[in-house]
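Source file: my_file12.json; contents: JSON, C-alpha atoms.
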[["chain", "number", "residue", "atom", "x", "y", "z"],
["G", 1, "MET", "CA", 90.87, 117.36, 46.19],
["G", 2, "SER", "CA", 88.46, 118.63, 48.77],
["G", 3, "LEU", "CA", 85.99, 116.39, 50.55],
["G", 4, "SER", "CA", 83.00, 117.99, 48.82],
["G", 5, "LYS", "CA", 84.51, 117.42, 45.35],
["G", 6, "ALA", "CA", 85.35, 113.81, 46.24],
["G", 7, "SER", "CA", 81.81, 113.20, 47.46],
["G", 8, "LYS", "CA", 80.49, 114.40, 44.07],
["G", 9, "VAL", "CA", 82.93, 112.25, 42.07],
["G", 10, "ALA", "CA", 82.26, 109.01, 43.97],
["G", 11, "PRO", "CA", 78.58, 108.63, 42.96],
["G", 12, "PHE", "CA", 79.53, 109.33, 39.34],
["G", 13, "LEU", "CA", 82.21, 106.60, 39.42],
["G", 14, "PHE", "CA", 79.83, 104.15, 41.10],
["G", 15, "GLU", "CA", 77.25, 104.90, 38.42],
["G", 16, "ILE", "CA", 79.75, 104.19, 35.64],
["G", 17, "VAL", "CA", 80.97, 100.96, 37.25],
["G", 18, "GLY", "CA", 77.40, 99.88, 37.99],
["G", 19, "GLY", "CA", 76.36, 100.59, 34.41],
["G", 20, "TYR", "CA", 79.31, 98.60, 33.10],
["G", 21, "ILE", "CA", 78.51, 95.60, 35.32],
["G", 22, "GLN", "CA", 74.86, 95.81, 34.28],
["G", 23, "GLU", "CA", 75.94, 95.71, 30.62],
["G", 24, "LEU", "CA", 78.15, 92.70, 31.38],
["G", 25, "VAL", "CA", 75.08, 90.92, 32.75],
["G", 26, "LEU", "CA", 72.61, 92.00, 30.03],
["G", 27, "ASN", "CA", 74.93, 91.99, 26.99],
["G", 28, "PRO", "CA", 78.04, 90.03, 27.97],
["G", 29, "VAL", "CA", 79.48, 89.31, 24.53],
["G", 30, "ARG", "CA", 78.97, 92.81, 23.16],
["G", 31, "THR", "CA", 80.33, 94.44, 26.33],
["G", 32, "GLN", "CA", 83.34, 92.12, 26.46],
["G", 33, "ALA", "CA", 84.03, 92.77, 22.75],
["G", 34, "ALA", "CA", 83.94, 96.54, 23.27],
["G", 35, "THR", "CA", 86.11, 96.27, 26.38],
["G", 36, "ASN", "CA", 88.60, 93.97, 24.69],
["G", 37, "SER", "CA", 88.89, 96.16, 21.60],
["G", 38, "LEU", "CA", 89.60, 99.22, 23.75],
["G", 39, "VAL", "CA", 92.15, 97.34, 25.87],
["G", 40, "LEU", "CA", 93.93, 95.95, 22.79],
["G", 41, "PHE", "CA", 94.04, 99.40, 21.18],
["G", 42, "LEU", "CA", 95.45, 100.98, 24.34],
["G", 43, "GLY", "CA", 97.99, 98.15, 24.76],
["G", 44, "ASN", "CA", 99.13, 98.42, 21.15],
["G", 45, "ALA", "CA", 99.36, 102.22, 21.32],
["G", 46, "THR", "CA", 101.29, 102.05, 24.60],
["G", 47, "SER", "CA", 103.67, 99.49, 23.11],
["G", 48, "GLN", "CA", 104.29, 101.70, 20.10],
["G", 49, "ARG", "CA", 104.98, 104.74, 22.30],
["G", 50, "CYS", "CA", 107.32, 102.79, 24.61],
["G", 51, "TYR", "CA", 109.26, 100.73, 22.06],
["G", 52, "ASN", "CA", 108.96, 102.73, 18.83],
["G", 53, "ALA", "CA", 110.18, 106.10, 20.04],
["G", 54, "GLY", "CA", 110.75, 108.43, 17.12],
["G", 55, "LYS", "CA", 108.96, 106.24, 14.60],
["G", 56, "PRO", "CA", 105.55, 107.16, 13.18],
["G", 57, "PHE", "CA", 102.49, 105.66, 14.81],
["G", 58, "ASP", "CA", 101.50, 102.44, 13.01],
["G", 59, "LYS", "CA", 97.76, 102.91, 12.52],
["G", 60, "ASP", "CA", 97.39, 99.57, 10.74],
["G", 61, "SER", "CA", 98.77, 97.68, 13.72],
["G", 62, "ALA", "CA", 96.62, 99.61, 16.22],
["G", 63, "MET", "CA", 93.46, 99.17, 14.16],
["G", 64, "ALA", "CA", 94.19, 95.47, 13.58],
["G", 65, "SER", "CA", 94.47, 94.92, 17.34],
["G", 66, "THR", "CA", 91.25, 96.88, 17.89],
["G", 67, "LEU", "CA", 89.41, 94.93, 15.20],
["G", 68, "PHE", "CA", 90.62, 91.61, 16.61],
["G", 69, "GLY", "CA", 89.31, 92.61, 20.04],
["G", 70, "LEU", "CA", 85.96, 93.62, 18.59],
["G", 71, "VAL", "CA", 85.45, 90.54, 16.41],
["G", 72, "PHE", "CA", 87.03, 87.80, 18.51],
["G", 73, "GLY", "CA", 87.89, 89.29, 21.91],
["G", 74, "GLY", "CA", 84.37, 89.15, 23.29],
["G", 75, "ALA", "CA", 82.76, 86.08, 21.80],
["G", 76, "VAL", "CA", 85.60, 83.55, 21.85],
["G", 77, "PRO", "CA", 86.66, 83.91, 25.51],
["G", 78, "HIS", "CA", 83.05, 84.36, 26.67],
["G", 79, "HIS", "CA", 81.85, 81.11, 25.12],
["G", 80, "PHE", "CA", 85.00, 79.20, 26.04],
["G", 81, "TYR", "CA", 84.83, 80.14, 29.72],
["G", 82, "ARG", "CA", 81.10, 79.42, 29.91],
["G", 83, "ALA", "CA", 81.71, 75.97, 28.44],
["G", 84, "LEU", "CA", 84.66, 75.41, 30.77],
["G", 85, "ASP", "CA", 82.60, 76.42, 33.81],
["G", 86, "SER", "CA", 79.81, 74.03, 32.84],
["G", 87, "LEU", "CA", 82.28, 71.18, 32.25],
["G", 88, "SER", "CA", 83.84, 71.59, 35.67],
["G", 89, "LYS", "CA", 80.88, 72.36, 37.92],
["G", 90, "GLY", "CA", 82.58, 70.98, 41.03],
["G", 91, "LYS", "CA", 84.53, 73.29, 43.28],
["G", 92, "GLN", "CA", 86.87, 70.49, 44.34],
["G", 93, "LEU", "CA", 90.59, 70.77, 43.86],
["G", 94, "HIS", "CA", 90.59, 68.54, 40.78],
["G", 95, "GLY", "CA", 87.98, 70.81, 39.14],
["G", 96, "LYS", "CA", 90.24, 73.83, 39.66],
["G", 97, "PHE", "CA", 93.23, 72.07, 38.10],
["G", 98, "PHE", "CA", 91.09, 70.75, 35.24],
["G", 99, "ARG", "CA", 89.93, 74.30, 34.39],
["G", 100, "PHE", "CA", 93.47, 75.60, 34.66],
["G", 101, "LEU", "CA", 95.00, 72.87, 32.49],
["G", 102, "VAL", "CA", 92.33, 73.13, 29.81],
["G", 103, "GLU", "CA", 92.74, 76.91, 29.70],
["G", 104, "ARG", "CA", 96.55, 76.73, 29.53],
["G", 105, "LEU", "CA", 96.96, 73.70, 27.24],
["G", 106, "VAL", "CA", 93.96, 74.10, 24.91],
["G", 107, "PHE", "CA", 92.59, 77.64, 24.93],
["G", 108, "ALA", "CA", 95.81, 79.67, 25.31],
["G", 109, "PRO", "CA", 97.66, 78.04, 22.37],
["G", 110, "LEU", "CA", 94.63, 78.16, 20.05],
["G", 111, "TYR", "CA", 93.64, 81.70, 20.97],
["G", 112, "LEU", "CA", 97.22, 82.93, 20.54],
["G", 113, "LEU", "CA", 97.39, 81.26, 17.13],
["G", 114, "LEU", "CA", 94.10, 82.90, 16.13],
["G", 115, "ARG", "CA", 95.26, 86.27, 17.43],
["G", 116, "LEU", "CA", 98.61, 86.25, 15.63],
["G", 117, "TYR", "CA", 97.09, 85.10, 12.35],
["G", 118, "MET", "CA", 94.03, 87.35, 12.34],
["G", 119, "THR", "CA", 95.87, 90.46, 13.54],
["G", 120, "THR", "CA", 98.25, 90.09, 10.60],
["G", 121, "ILE", "CA", 95.30, 89.58, 8.22],
["G", 122, "PHE", "CA", 93.54, 92.64, 9.69],
["G", 123, "GLU", "CA", 96.69, 94.65, 8.97],
["G", 124, "GLY", "CA", 95.98, 93.97, 5.30],
["G", 125, "LYS", "CA", 98.69, 91.38, 4.80],
["G", 126, "SER", "CA", 98.37, 88.12, 2.88],
["G", 127, "HIS", "CA", 97.68, 84.62, 4.17],
["G", 128, "ARG", "CA", 101.32, 83.78, 3.46],
["G", 129, "ALA", "CA", 102.55, 86.76, 5.50],
["G", 130, "ALA", "CA", 100.21, 85.79, 8.35],
["G", 131, "CYS", "CA", 101.50, 82.22, 8.35],
["G", 132, "LYS", "CA", 105.08, 83.49, 8.35],
["G", 133, "GLN", "CA", 104.29, 85.81, 11.28],
["G", 134, "VAL", "CA", 102.81, 82.88, 13.20],
["G", 135, "PHE", "CA", 105.78, 80.65, 12.35],
["G", 136, "LEU", "CA", 108.33, 83.25, 13.49],
["G", 137, "SER", "CA", 106.73, 84.40, 16.75],
["G", 138, "TYR", "CA", 104.27, 81.74, 17.95],
["G", 139, "GLN", "CA", 106.65, 79.50, 19.88],
["G", 140, "LYS", "CA", 108.29, 82.38, 21.80],
["G", 141, "LEU", "CA", 104.96, 84.04, 22.59],
["G", 142, "LEU", "CA", 103.35, 80.78, 23.74],
["G", 143, "LYS", "CA", 106.29, 80.10, 26.05],
["G", 144, "ASP", "CA", 106.10, 83.69, 27.36],
["G", 145, "ASN", "CA", 102.35, 83.29, 27.86],
["G", 146, "TRP", "CA", 102.75, 80.09, 29.83],
["G", 147, "VAL", "CA", 105.56, 81.48, 31.98],
["G", 148, "ALA", "CA", 104.21, 84.97, 32.64],
["G", 149, "LEU", "CA", 100.46, 84.48, 32.73],
["G", 150, "SER", "CA", 99.85, 81.03, 34.21],
["G", 151, "ILE", "CA", 99.59, 82.16, 37.82],
["G", 152, "PHE", "CA", 97.17, 84.95, 36.86],
["G", 153, "GLN", "CA", 95.11, 82.55, 34.76],
["G", 154, "PHE", "CA", 94.91, 80.02, 37.59],
["G", 155, "TYR", "CA", 93.60, 82.73, 39.87],
["G", 156, "GLY", "CA", 91.26, 84.20, 37.25],
["G", 157, "VAL", "CA", 89.74, 80.90, 36.15],
["G", 158, "ASN", "CA", 89.24, 79.57, 39.67],
["G", 159, "PHE", "CA", 88.68, 82.48, 42.03],
["G", 160, "VAL", "CA", 87.39, 85.49, 40.09],
["G", 161, "PRO", "CA", 83.58, 85.42, 39.77],
["G", 162, "PRO", "CA", 82.50, 85.10, 36.11],
["G", 163, "ILE", "CA", 80.96, 88.57, 36.07],
["G", 164, "PHE", "CA", 84.32, 90.17, 36.98],
["G", 165, "ARG", "CA", 86.53, 88.03, 34.71],
["G", 166, "PRO", "CA", 86.38, 90.52, 31.81],
["G", 167, "ILE", "CA", 87.70, 93.27, 34.09],
["G", 168, "PHE", "CA", 90.39, 91.02, 35.56],
["G", 169, "SER", "CA", 91.44, 89.68, 32.17],
["G", 170, "GLY", "CA", 91.36, 93.19, 30.68],
["G", 171, "VAL", "CA", 94.12, 94.32, 33.01],
["G", 172, "ILE", "CA", 96.22, 91.27, 32.16],
["G", 173, "GLU", "CA", 95.40, 91.64, 28.45],
["G", 174, "PHE", "CA", 96.65, 95.24, 28.45],
["G", 175, "PHE", "CA", 100.15, 94.23, 29.58],
["G", 176, "TRP", "CA", 100.16, 91.10, 27.43],
["G", 177, "THR", "CA", 99.26, 93.20, 24.38],
["G", 178, "ILE", "CA", 102.22, 95.48, 25.02],
["G", 179, "HIS", "CA", 104.53, 92.45, 25.06],
["G", 180, "LEU", "CA", 102.87, 90.75, 22.08],
["G", 181, "SER", "CA", 103.01, 93.92, 19.98],
["G", 182, "ASN", "CA", 106.67, 94.39, 20.83],
["G", 183, "VAL", "CA", 107.55, 90.80, 19.85],
["G", 184, "ARG", "CA", 105.59, 91.07, 16.59],
["G", 185, "ARG", "CA", 107.39, 94.32, 15.71],
["G", 186, "ALA", "CA", 110.78, 92.74, 16.50],
["G", 187, "VAL", "CA", 109.96, 89.81, 14.20],
["G", 188, "GLU", "CA", 108.92, 92.25, 11.43],
["G", 189, "GLU", "CA", 112.18, 94.19, 11.76],
["G", 190, "LYS", "CA", 114.20, 90.97, 11.75],
["G", 191, "LYS", "CA", 112.44, 89.85, 8.53],
["G", 192, "ARG", "CA", 113.37, 93.14, 6.81],
["G", 193, "ARG", "CA", 117.11, 92.75, 7.49]]
Would you mind writing the file out in structure tokens?
Amino acid sequence: MSLSKASKVAPFLFEIVGGYIQELVLNPVRTQAATNSLVLFLGNATSQRCYNAGKPFDKDSAMASTLFGLVFGGAVPHHFYRALDSLSKGKQLHGKFFRFLVERLVFAPLYLLLRLYMTTIFEGKSHRAACKQVFLSYQKLLKDNWVALSIFQFYGVNFVPPIFRPIFSGVIEFFWTIHLSNVRRAVEEKKRR
């Protein structure tokens, strides 16, 4: 790319990023919901392409992930992290560990439970099927979440400014969605056997 083309692209990118940050400030829940739904859709679609080669695209699964992101992915984390920040105003070391422990031991298990249950419901399955999905995959996914994401969550909760947390968590959420979708699909295939 030539220097003149790069100099035309840079202001456009800064304008997009600036507009996004402005929306995060003015309409945080709506912007986070839209971002989360897009990230969950892309993560689910990527998971299907990587792990379901040769099988038809599961629109129900992709739309359920998208709908979960839109309905719960903006409001629930936004309000939780605002409450957590206000509970632990201090920047001392114990405040950092308090935020981390509350996020890992309270929010992560409850949010994962909500996500597994509601995603199954949004796929058009029954309450019983949703409970079975939770029962079969919750423990493994919670352990995976604690092992794989704890260091990122410690950093995100304590060092990423609140305005940039949706962007930071979006990147993590993309990869987590790929893993979560793969585990859910494996559980579904195991149930069919």
Given the choices G:Gln153, G:Ala129, G:Val183, G:Ile163, which gets closest to Val29 of chain G if the distance is worked out from only C-alpha atoms?
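Checking each candidate against Val29 of chain G, we get G:Ile163 as the closest.
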Inset, instruction - Tell me, as number ranges by chain, which residues lie within 9 Å of Gly69 of chain G, counting only C-alpha atoms; anything in the same chain fewer than 3 positions away does not count. - result: G: 32-41, 64-66, 72-74
Compare G:Phe68, G:Trp146, G:Trp176, G:Phe98 by their minimum atom-to-atom distance to Asp85 of chain G, counting all atoms listed in the file, and give me the closest one.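 For Asp85 of chain G, the nearest of the candidates is G:Phe98.
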If you count all atoms listed in the file, which residues fall within 12 Å of Lys143 of chain G, apart from same-chain ones fewer than 6 positions away, as a count of residues only?
9
In terms of all atoms listed in the file, the residue from G:Leu110, G:Val17, G:Ala130, G:Ala53 at minimal distance from Pro77 of chain G is G:Leu110
- Query: Hey, which of G:Gly54, G:Ala62, G:Arg49, G:His78 ends up closest to Pro166 of chain G? Count only C-alpha atoms.
  - Reply: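 Distance minimum relative to Pro166 of chain G lands on G:His78.
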For each of G:Arg185, G:Arg30, G:Lys191, G:Arg115, take the minimum atom-to-atom distance to Lys132 of chain G, counting all atoms listed in the file, then give the residue where this is smallest.
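Among the listed residues, the smallest separation from Lys132 of chain G belongs to G:Lys191.
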Counting all atoms listed in the file, closest pick from G:Arg82, G:His179, G:Val157, G:Phe168 relative to Asp144 of chain G is G:His179
